[in-house]
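J.: One structure follows; several queries about it will come next.
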Amino acid sequence: MPPISKLLIANRGEIAARIIRTARAMDIATVAVFSAADAGAPYVRAADEAVPLAGNAPADTYLNGTAIIAAARRTGADAVHPGYGFLSENAAFATACASAGLIFVGPPPQAIEAMGSKIAAKELMAAAGVPVLPSITITGDEPPSAADIDRIGFPLLVKAAFGGGGRGMRVVTRRGDLEAALAAARREAAAAFGDGTVFLERCLDAPRHIEVQIFGDTHGTLVHLFERECSIQRRYQKIIEEAPSPAVGGALRQELGEAAISAGKAIGYTGAGTVEFVVDSAGGSGGSPPRAGPARFYFLEVNTRLQVEHPVTELVTGLDLVALQLQVAGGQPLPPEVRLASLTGHAIEARLYAEDVAAGFLPATGTLRAFSLPDLPGIRVDAGVTAGSHVGLHYDAMLAKVVAHGPTRDVARRRLARCLAETRLHGVTSNRDLLVGILRETDFASGQTDTGYLGRHDPGQLAASWRDPAAPRLHALAAALAGQAARRAAAPVLRTIPSGWRNVPSADQHVTFEAGGAQLEVRYRFTGWAGPGQVTAEVDGELVTGLVLRDVTPELVVADIAGVRREISVRQSAGGVWDVDSHLGSTELTERPRFPGPLARATPGSLLAPMPGTVVRVEVAPGARVTAGTPIVVLEAMKMEHSVRAPHDGVVTDLEVTGGQQVDVGTVLAVVDALAAGHG
């Protein structure tokens, strides 16, 4: 088989950019495909050629195998790399590529098909001697029998038979919640993967989630490249991964590797794949280190593709997994360095998402006014966006993967925390503060992690744990002073007067900002400008003591405050928005107009959309009596469902939306009138 000469990447975002980077280094021409929303994306510009796909919906674009194969033919590509997600684990697409004379950079279709159903995969793994958890397959709409449920026991997991990423997954702790969980999981699975089949599986109490990277070629070689720890998760989706696992020693590593090889051989695996396991307390779960005795681990699934977290394996082995994928797909054997690979140091990856942690990890949208990361040693960034990129609701909410490598876990952890803390990210709400909080938290620092970590540690408290509570006040002061400097620089006369031209020079100047729902009023007055700038200031009525300005421009404020010098970067955007960064963290401020117009008020009892998305279903009719917690409207964004529930007992007096409607944050969905509840 001749080597690949032109590669079409059937994906988007950071993984498309990452594949293009390796292909260019191998002198392989690249072709990107893109939806309307992605027309200006960085990966599109990075490719040698690009082909538009009409529309934005995944079904019309990145899941449209016919259009992607047509793009490959049009550009003369001889291979297709599916990345991860979308068509990466679609056996029919892999077969269609082969029929079109294209090399599919992935395992053979039969291996994908064998693992495409988690139900069939569990049966196959059990036959191969790989430990599996007890489960029940749900066929049709009939609920499982009481005997079957008792055999599994509570808590249990409802899981989608196809796909991954935590979609179509629910934890059920009591029998009364099972029916609703089954229905919701079916809907979510059908929307994300085109198949609503689900199954029930025993849910271990806060196990570790550990996976093993495998790699095979067409010459009979199949190896494992050690394990990754993926236990830090929210909504059953990984947010921090590392290699190697802090809970895995030599004996357990060998057992996991042997089980992964057995799984790969059972399906004739070639290319890059991952065998995922849950490891119970014998392997160090529940926040405890591994103990003596046999480790108990159980098969979860085989991901027949490259994983999001593959960079941590690359950093600890020195291998380029995408280059190896392209070599194997071109018929070459795995090189000796793969069979002789060893672990060097430690790597930790953080997934930077556009999401609102405080609102329950709801996806966020917007345009990135700023996005930059510091240049620190041992840091790798795989990003799908740049400053100016628009983050919409059509696709996954991940902005970038930030990865740190160091000689020890602690060095890698500290490097990653510092890099994220100094990242400038404005315009889209993100999980950056949570990631820093986790990396600096004592349990994580000592390796005491499992899938229950974010159940034991409040995400909101973690996100706030590293930020100085004084940051919003000092940042508001800096924004006020930078704003004054900007007005002074724009003035046609008297630019050298610190306060500019004013009718009453002795009066305080003042500006009011909003930050995170709180109001911050800044008052200041310049008292001199001979050498260091003399200024008196107060924020919310509290005097800022020992304030001496050393430098102030529209973009930078350097000041001594109570004898401590601080440097604060400021950036003003349209709409009175100020983005402020310092070592204390980042703050987004909105300047309130001095003479605000009349405010529109929502009807009391209004339910507002907490995120932009699509109305999947309206669960009630106008006039319905509801109790607190009753689902009223179900929204979907980025392939995840979110129920908007009644805040109190009452009557639904108004429904403002219908199924299929697109809504923005703050859109009135319905009105639940608590006062009408007692009326007939």
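Residue numbering restarts at 1 for every chain of the structure tokens, chains are lettered A, B, ... in their displayed order, and ligands are numbered from 1 as they appear.
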Per DSSP on the backbone, filter stretch 233-339 of chain A down to the residues in alpha helix (DSSP H) and report them as an MDAnalysis selection string.
T.: chainID A and resid 250:266 310:317 321:329 336:339
J.: Would you save the residues from that selection as a CSV table (one decimal), in the first residue's frame, using N, CA and C atoms?
T.:
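Written out: again-v2.csv:
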```csv
chain,number,residue,atom,x,y,z
A,250,GLY,N,3.3,-1.1,39.3
A,250,GLY,CA,3.8,-2.0,38.3
A,250,GLY,C,2.9,-3.3,38.1
A,251,ALA,N,2.4,-3.9,39.2
A,251,ALA,CA,1.6,-5.1,39.0
A,251,ALA,C,0.2,-4.8,38.4
A,252,LEU,N,-0.4,-3.8,38.8
A,252,LEU,CA,-1.7,-3.4,38.3
A,252,LEU,C,-1.6,-2.9,36.8
A,253,ARG,N,-0.5,-2.2,36.6
A,253,ARG,CA,-0.2,-1.7,35.2
A,253,ARG,C,-0.1,-2.9,34.2
A,254,GLN,N,0.6,-3.9,34.7
A,254,GLN,CA,0.7,-5.1,33.8
A,254,GLN,C,-0.6,-5.8,33.6
A,255,GLU,N,-1.4,-5.9,34.7
A,255,GLU,CA,-2.7,-6.6,34.5
A,255,GLU,C,-3.6,-5.8,33.6
A,256,LEU,N,-3.7,-4.5,33.8
A,256,LEU,CA,-4.5,-3.7,32.9
A,256,LEU,C,-4.0,-3.8,31.4
A,257,GLY,N,-2.7,-3.7,31.2
A,257,GLY,CA,-2.2,-3.8,29.9
A,257,GLY,C,-2.5,-5.1,29.2
A,258,GLU,N,-2.4,-6.2,30.0
A,258,GLU,CA,-2.7,-7.5,29.4
A,258,GLU,C,-4.2,-7.7,29.1
A,259,ALA,N,-5.1,-7.1,29.9
A,259,ALA,CA,-6.5,-7.1,29.7
A,259,ALA,C,-6.8,-6.3,28.4
A,260,ALA,N,-6.1,-5.2,28.3
A,260,ALA,CA,-6.4,-4.3,27.1
A,260,ALA,C,-5.9,-5.0,25.8
A,261,ILE,N,-4.8,-5.7,25.9
A,261,ILE,CA,-4.3,-6.5,24.7
A,261,ILE,C,-5.3,-7.6,24.4
A,262,SER,N,-5.8,-8.3,25.4
A,262,SER,CA,-6.8,-9.3,25.1
A,262,SER,C,-8.0,-8.7,24.4
A,263,ALA,N,-8.4,-7.6,24.9
A,263,ALA,CA,-9.6,-6.9,24.3
A,263,ALA,C,-9.3,-6.6,22.8
A,264,GLY,N,-8.1,-6.0,22.5
A,264,GLY,CA,-7.8,-5.7,21.2
A,264,GLY,C,-7.7,-6.9,20.3
A,265,LYS,N,-7.1,-8.0,20.8
A,265,LYS,CA,-7.0,-9.2,19.9
A,265,LYS,C,-8.3,-9.8,19.6
A,266,ALA,N,-9.3,-9.7,20.6
A,266,ALA,CA,-10.6,-10.2,20.4
A,266,ALA,C,-11.3,-9.6,19.2
A,310,HIS,N,-5.3,11.9,24.2
A,310,HIS,CA,-4.1,11.3,23.7
A,310,HIS,C,-2.8,12.1,23.9
A,311,PRO,N,-2.8,13.4,24.1
A,311,PRO,CA,-1.6,14.2,24.3
A,311,PRO,C,-0.8,13.7,25.5
A,312,VAL,N,-1.5,13.3,26.6
A,312,VAL,CA,-0.7,13.0,27.8
A,312,VAL,C,0.1,11.7,27.5
A,313,THR,N,-0.4,10.8,26.7
A,313,THR,CA,0.3,9.6,26.4
A,313,THR,C,1.5,10.0,25.5
A,314,GLU,N,1.3,10.9,24.5
A,314,GLU,CA,2.4,11.3,23.7
A,314,GLU,C,3.5,12.0,24.5
A,315,LEU,N,3.2,12.8,25.5
A,315,LEU,CA,4.2,13.5,26.2
A,315,LEU,C,5.0,12.5,27.1
A,316,VAL,N,4.4,11.5,27.7
A,316,VAL,CA,5.2,10.6,28.6
A,316,VAL,C,5.9,9.5,27.8
A,317,THR,N,5.5,9.3,26.5
A,317,THR,CA,6.2,8.2,25.7
A,317,THR,C,7.1,8.8,24.7
A,321,LEU,N,1.1,10.0,18.2
A,321,LEU,CA,0.1,8.9,17.9
A,321,LEU,C,-0.5,9.2,16.5
A,322,VAL,N,-0.7,10.4,16.1
A,322,VAL,CA,-1.3,10.7,14.8
A,322,VAL,C,-0.4,10.3,13.7
A,323,ALA,N,0.9,10.5,13.9
A,323,ALA,CA,1.9,10.1,12.9
A,323,ALA,C,1.9,8.5,12.8
A,324,LEU,N,1.8,7.9,13.9
A,324,LEU,CA,1.7,6.4,13.9
A,324,LEU,C,0.4,5.9,13.2
A,325,GLN,N,-0.7,6.6,13.5
A,325,GLN,CA,-2.0,6.3,12.8
A,325,GLN,C,-1.8,6.4,11.3
A,326,LEU,N,-1.2,7.4,10.8
A,326,LEU,CA,-1.0,7.6,9.4
A,326,LEU,C,-0.1,6.6,8.8
A,327,GLN,N,1.0,6.2,9.5
A,327,GLN,CA,1.9,5.2,9.0
A,327,GLN,C,1.2,3.8,9.0
A,328,VAL,N,0.5,3.5,10.0
A,328,VAL,CA,-0.2,2.2,10.0
A,328,VAL,C,-1.3,2.1,8.9
A,329,ALA,N,-2.0,3.2,8.8
A,329,ALA,CA,-3.1,3.3,7.7
A,329,ALA,C,-2.5,3.1,6.4
A,336,PRO,N,10.2,0.3,15.9
A,336,PRO,CA,10.7,-0.3,17.1
A,336,PRO,C,10.4,0.5,18.3
A,337,GLU,N,10.5,1.8,18.2
A,337,GLU,CA,10.3,2.7,19.4
A,337,GLU,C,9.0,2.5,20.0
A,338,VAL,N,8.0,2.1,19.3
A,338,VAL,CA,6.7,1.8,19.9
A,338,VAL,C,6.7,0.6,20.7
A,339,ARG,N,7.3,-0.5,20.2
A,339,ARG,CA,7.4,-1.7,21.0
A,339,ARG,C,8.2,-1.6,22.2
```
J.: Neighbours of A:Arg45 within 10 Å (only C-alpha atoms; same-chain residues fewer than 6 positions away dropped), as a PDB file with N, CA and C atoms, in the first residue's frame?
T.:
```
ATOM      1  N   ALA A  17      -7.070  20.728  13.756  1.00  0.00           N
ATOM      2  CA  ALA A  17      -5.812  21.480  13.732  1.00  0.00           C
ATOM      3  C   ALA A  17      -4.643  20.608  14.145  1.00  0.00           C
ATOM      4  N   ALA A  32      -9.426  20.364   4.686  1.00  0.00           N
ATOM      5  CA  ALA A  32     -10.393  20.551   5.761  1.00  0.00           C
ATOM      6  C   ALA A  32     -11.791  20.615   5.171  1.00  0.00           C
ATOM      7  N   ALA A  39     -16.566  28.613   9.118  1.00  0.00           N
ATOM      8  CA  ALA A  39     -15.877  29.122   7.929  1.00  0.00           C
ATOM      9  C   ALA A  39     -14.598  29.880   8.272  1.00  0.00           C
TER      10      ALA A  39
END
```
J.: Between A:Gly650, A:Leu589, A:Ile4, A:Gln484, which is the closest to A:Pro472 once you count only C-alpha atoms?
T.: A:Leu589
J.: Which distance in Å separates atom CA of A:Gly153 and atom CA of A:Phe277, to one decimal?
T.: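 Computing it gives 20.0 Å between the two atoms.
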J.: I want to know what sits within 10 Å of A:Phe361, based on only C-alpha atoms, with residues of the same chain fewer than 3 positions away left out; could you give that as a PDB file with C-alpha atoms, in the first residue's frame?
T.:
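Writing the result to around-v6.pdb gives the following:
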```
ATOM      1  CA  ARG A 234     -18.515  16.354  35.312  1.00  0.00           C
ATOM      2  CA  ARG A 235     -21.754  15.086  33.733  1.00  0.00           C
ATOM      3  CA  TYR A 353     -14.684  24.379  28.104  1.00  0.00           C
ATOM      4  CA  ALA A 354     -17.075  27.217  27.311  1.00  0.00           C
ATOM      5  CA  GLU A 355     -19.469  26.520  30.147  1.00  0.00           C
ATOM      6  CA  ASP A 356     -20.957  28.106  33.240  1.00  0.00           C
ATOM      7  CA  VAL A 357     -19.794  26.098  36.249  1.00  0.00           C
ATOM      8  CA  ALA A 358     -21.945  28.043  38.711  1.00  0.00           C
ATOM      9  CA  ALA A 364     -21.925  29.009  27.105  1.00  0.00           C
ATOM     10  CA  SER A 430     -15.418  29.136  30.890  1.00  0.00           C
ATOM     11  CA  ASN A 431     -14.394  26.489  33.418  1.00  0.00           C
ATOM     12  CA  PRO A 459     -17.258  23.029  41.931  1.00  0.00           C
TER      13      PRO A 459
END
```
J.: Choose the residue, out of A:Glu521, A:Asp654, A:Asp177, A:Glu619, that has the smallest atom-to-atom separation from A:Glu591; count only C-alpha atoms.
T.: A:Glu521
J.: Point out the residue among A:Leu300, A:Val651, A:Val212, A:Leu87 with the least atom-to-atom distance to A:Glu242, counting only C-alpha atoms.
T.: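 Looking only at the distances to A:Glu242, the closest residue turns out to be A:Val212.
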J.: Give me the residues within 10 Å of A:Leu362 as a VMD selection string, counting only C-alpha atoms and dropping any in the same chain fewer than 5 places off.
T.: chain A and resid 354 to 357 397 429 610 to 612 637 to 638 640 to 642
J.: Applying 12 Å and only C-alpha atoms, which residues near stretch 602-608 of chain A remain after dropping the ones on its own chain fewer than 3 positions away? List them as an NGL selection string.
T.: :A and (599 or 611-612 or 631-635 or 643-657 or 663-677)
J.: Restrict the selected residues to C-alpha atoms and save them as a PDB file, in the first residue's frame.
T.:
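Generated file (selection_10.pdb):
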```
ATOM      1  CA  LEU A 599     -35.627  48.683  32.295  1.00  0.00           C
ATOM      2  CA  MET A 611     -28.516  28.981  28.209  1.00  0.00           C
ATOM      3  CA  PRO A 612     -28.884  29.403  24.447  1.00  0.00           C
ATOM      4  CA  PRO A 631     -40.197  19.995  34.295  1.00  0.00           C
ATOM      5  CA  ILE A 632     -41.773  22.756  32.194  1.00  0.00           C
ATOM      6  CA  VAL A 633     -39.477  23.053  29.141  1.00  0.00           C
ATOM      7  CA  VAL A 634     -36.563  20.884  27.996  1.00  0.00           C
ATOM      8  CA  LEU A 635     -33.715  22.652  26.177  1.00  0.00           C
ATOM      9  CA  SER A 643     -34.824  20.660  32.032  1.00  0.00           C
ATOM     10  CA  VAL A 644     -36.168  24.039  33.156  1.00  0.00           C
ATOM     11  CA  ARG A 645     -38.361  23.314  36.175  1.00  0.00           C
ATOM     12  CA  ALA A 646     -41.072  25.117  38.100  1.00  0.00           C
ATOM     13  CA  PRO A 647     -39.497  27.157  40.931  1.00  0.00           C
ATOM     14  CA  HIS A 648     -42.606  26.786  43.105  1.00  0.00           C
ATOM     15  CA  ASP A 649     -46.117  25.355  43.215  1.00  0.00           C
ATOM     16  CA  GLY A 650     -48.435  27.227  40.911  1.00  0.00           C
ATOM     17  CA  VAL A 651     -50.299  27.415  37.634  1.00  0.00           C
ATOM     18  CA  VAL A 652     -48.710  27.727  34.178  1.00  0.00           C
ATOM     19  CA  THR A 653     -50.370  30.910  32.977  1.00  0.00           C
ATOM     20  CA  ASP A 654     -48.264  31.390  29.870  1.00  0.00           C
ATOM     21  CA  LEU A 655     -46.126  29.325  27.469  1.00  0.00           C
ATOM     22  CA  GLU A 656     -43.941  31.485  25.246  1.00  0.00           C
ATOM     23  CA  VAL A 657     -42.082  28.812  23.233  1.00  0.00           C
ATOM     24  CA  VAL A 663     -33.807  30.628  22.258  1.00  0.00           C
ATOM     25  CA  ASP A 664     -31.115  32.871  23.741  1.00  0.00           C
ATOM     26  CA  VAL A 665     -30.078  33.268  27.362  1.00  0.00           C
ATOM     27  CA  GLY A 666     -32.799  35.144  29.231  1.00  0.00           C
ATOM     28  CA  THR A 667     -35.625  34.316  26.821  1.00  0.00           C
ATOM     29  CA  VAL A 668     -38.932  33.955  28.683  1.00  0.00           C
ATOM     30  CA  LEU A 669     -39.987  30.323  28.291  1.00  0.00           C
ATOM     31  CA  ALA A 670     -43.089  30.211  30.471  1.00  0.00           C
ATOM     32  CA  VAL A 671     -44.771  31.854  33.450  1.00  0.00           C
ATOM     33  CA  VAL A 672     -45.661  29.922  36.599  1.00  0.00           C
ATOM     34  CA  ASP A 673     -47.992  32.053  38.709  1.00  0.00           C
ATOM     35  CA  ALA A 674     -47.660  31.115  42.361  1.00  0.00           C
ATOM     36  CA  LEU A 675     -50.560  33.417  43.310  1.00  0.00           C
ATOM     37  CA  ALA A 676     -52.976  31.511  41.087  1.00  0.00           C
ATOM     38  CA  ALA A 677     -52.253  28.177  42.736  1.00  0.00           C
TER      39      ALA A 677
END
```
J.: Find the residues around A:Thr442 up to 12 Å (only C-alpha atoms counted), leave out those fewer than 4 positions away in its own chain, and share them as an MDAnalysis selection string.
T.: chainID A and resid 287 410 413 437:438 446:449 453 457 462 465
J.: Got time to write the residues from that selection, C-alpha atoms, as a CSV table (one decimal), in the first residue's frame?
T.:
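See selection-v4.csv below for the written result:
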```
chain,number,residue,atom,x,y,z
A,287,GLY,CA,-10.0,9.0,47.3
A,410,ASP,CA,3.8,17.6,41.1
A,413,ARG,CA,0.4,19.9,38.2
A,437,GLY,CA,-9.0,25.2,41.7
A,438,ILE,CA,-8.8,21.4,41.2
A,446,SER,CA,-1.9,14.0,46.5
A,447,GLY,CA,-3.5,11.8,43.9
A,448,GLN,CA,-6.7,11.1,46.0
A,449,THR,CA,-9.1,11.2,43.0
A,453,TYR,CA,-14.4,13.9,43.2
A,457,HIS,CA,-15.7,18.9,46.3
A,462,LEU,CA,-13.1,25.1,43.9
A,465,SER,CA,-10.7,28.9,46.1
```
J.: Would you mind listing what lies within 12 Å of A:Thr95 as a list in words, with only C-alpha atoms counted and same-chain residues fewer than 2 positions away left out?
T.: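 Residues near the query, excluding close chain neighbours: Gly65, Thr66, Ile69, Val80, Leu87, Ser88, Glu89, Asn90, Ala91, Ala92, Phe93, Cys97, Ala98, Ser99, Ala100, Gly101, Leu102, Ile103, Phe104, Val105, Gly106, Pro107, Pro108, Pro109, Gln110, Ala111, Ile112 and Glu113 of chain A.
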J.: Using C-alpha atoms, can you write the selected residues to a file as a PDB file, in the first residue's frame?
T.:
```
ATOM      1  CA  GLY A  65     -20.580  10.924   5.201  1.00  0.00           C
ATOM      2  CA  THR A  66     -21.770  11.287   1.609  1.00  0.00           C
ATOM      3  CA  ILE A  69     -16.531  11.485   0.678  1.00  0.00           C
ATOM      4  CA  VAL A  80      -9.731  10.337   5.488  1.00  0.00           C
ATOM      5  CA  LEU A  87     -18.034   9.681  12.206  1.00  0.00           C
ATOM      6  CA  SER A  88     -14.935   8.307  13.931  1.00  0.00           C
ATOM      7  CA  GLU A  89     -16.699   5.181  15.226  1.00  0.00           C
ATOM      8  CA  ASN A  90     -19.136   4.723  12.365  1.00  0.00           C
ATOM      9  CA  ALA A  91     -18.500   1.380  10.682  1.00  0.00           C
ATOM     10  CA  ALA A  92     -20.732   2.269   7.732  1.00  0.00           C
ATOM     11  CA  PHE A  93     -18.651   5.373   7.044  1.00  0.00           C
ATOM     12  CA  CYS A  97     -14.545   5.197   2.464  1.00  0.00           C
ATOM     13  CA  ALA A  98     -13.075   1.858   1.391  1.00  0.00           C
ATOM     14  CA  SER A  99     -15.718   1.519  -1.335  1.00  0.00           C
ATOM     15  CA  ALA A 100     -14.736   4.975  -2.614  1.00  0.00           C
ATOM     16  CA  GLY A 101     -11.071   3.957  -2.757  1.00  0.00           C
ATOM     17  CA  LEU A 102     -10.142   6.022   0.294  1.00  0.00           C
ATOM     18  CA  ILE A 103      -7.943   4.929   3.184  1.00  0.00           C
ATOM     19  CA  PHE A 104      -9.854   5.216   6.449  1.00  0.00           C
ATOM     20  CA  VAL A 105      -7.377   6.224   9.177  1.00  0.00           C
ATOM     21  CA  GLY A 106      -8.715   3.968  11.871  1.00  0.00           C
ATOM     22  CA  PRO A 107      -9.437   0.335  12.639  1.00  0.00           C
ATOM     23  CA  PRO A 108     -11.192  -1.968  10.156  1.00  0.00           C
ATOM     24  CA  PRO A 109     -14.990  -1.607   9.962  1.00  0.00           C
ATOM     25  CA  GLN A 110     -15.557  -4.971  11.644  1.00  0.00           C
ATOM     26  CA  ALA A 111     -13.631  -3.831  14.733  1.00  0.00           C
ATOM     27  CA  ILE A 112     -15.675  -0.638  14.911  1.00  0.00           C
ATOM     28  CA  GLU A 113     -18.884  -2.618  14.452  1.00  0.00           C
TER      29      GLU A 113
END
```
J.: Quick check for you: according to DSSP on this backbone, which residues of stretch 213-258 of chain A are classed as strand (DSSP E or B)? Reply as number ranges by chain.
T.: A: 213-216, 222-234, 237-243
J.: What gap, in Å, lies between atom CA of A:Leu182 and atom CA of A:Val158?
T.: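 Value for the atom CA of A:Leu182-atom CA of A:Val158 distance: 6.6 Å.
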J.: Taking only C-alpha atoms into account, name the residue in A:Glu542, A:Glu588, A:Asp551, A:Asp450 that is nearest to A:Phe513.
T.: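 Checking each of A:Glu542, A:Glu588, A:Asp551, A:Asp450 against A:Phe513, counting only C-alpha atoms, the winner is A:Glu588.
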J.: Which one of A:Thr614, A:Asn303, A:Thr587, A:Ser573 sits closest to A:Ala121 if you count only C-alpha atoms?
T.: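 Among A:Thr614, A:Asn303, A:Thr587, A:Ser573, it is A:Asn303 that comes nearest to A:Ala121.
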J.: Go through A:Ala147, A:Ile214, A:Ala160, A:Ile379 one by one, measure the shortest atom-to-atom distance of each to A:Ala189 using only C-alpha atoms, and give the residue with the smallest value.
T.: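 Smallest separation from A:Ala189 among the options: A:Ala160.
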J.: Rounded to one decimal, what separation in Å do you get between atom CA of A:Arg525 and atom CA of A:Leu547?
T.: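 Distance reported for this atom pair: 11.4 Å.
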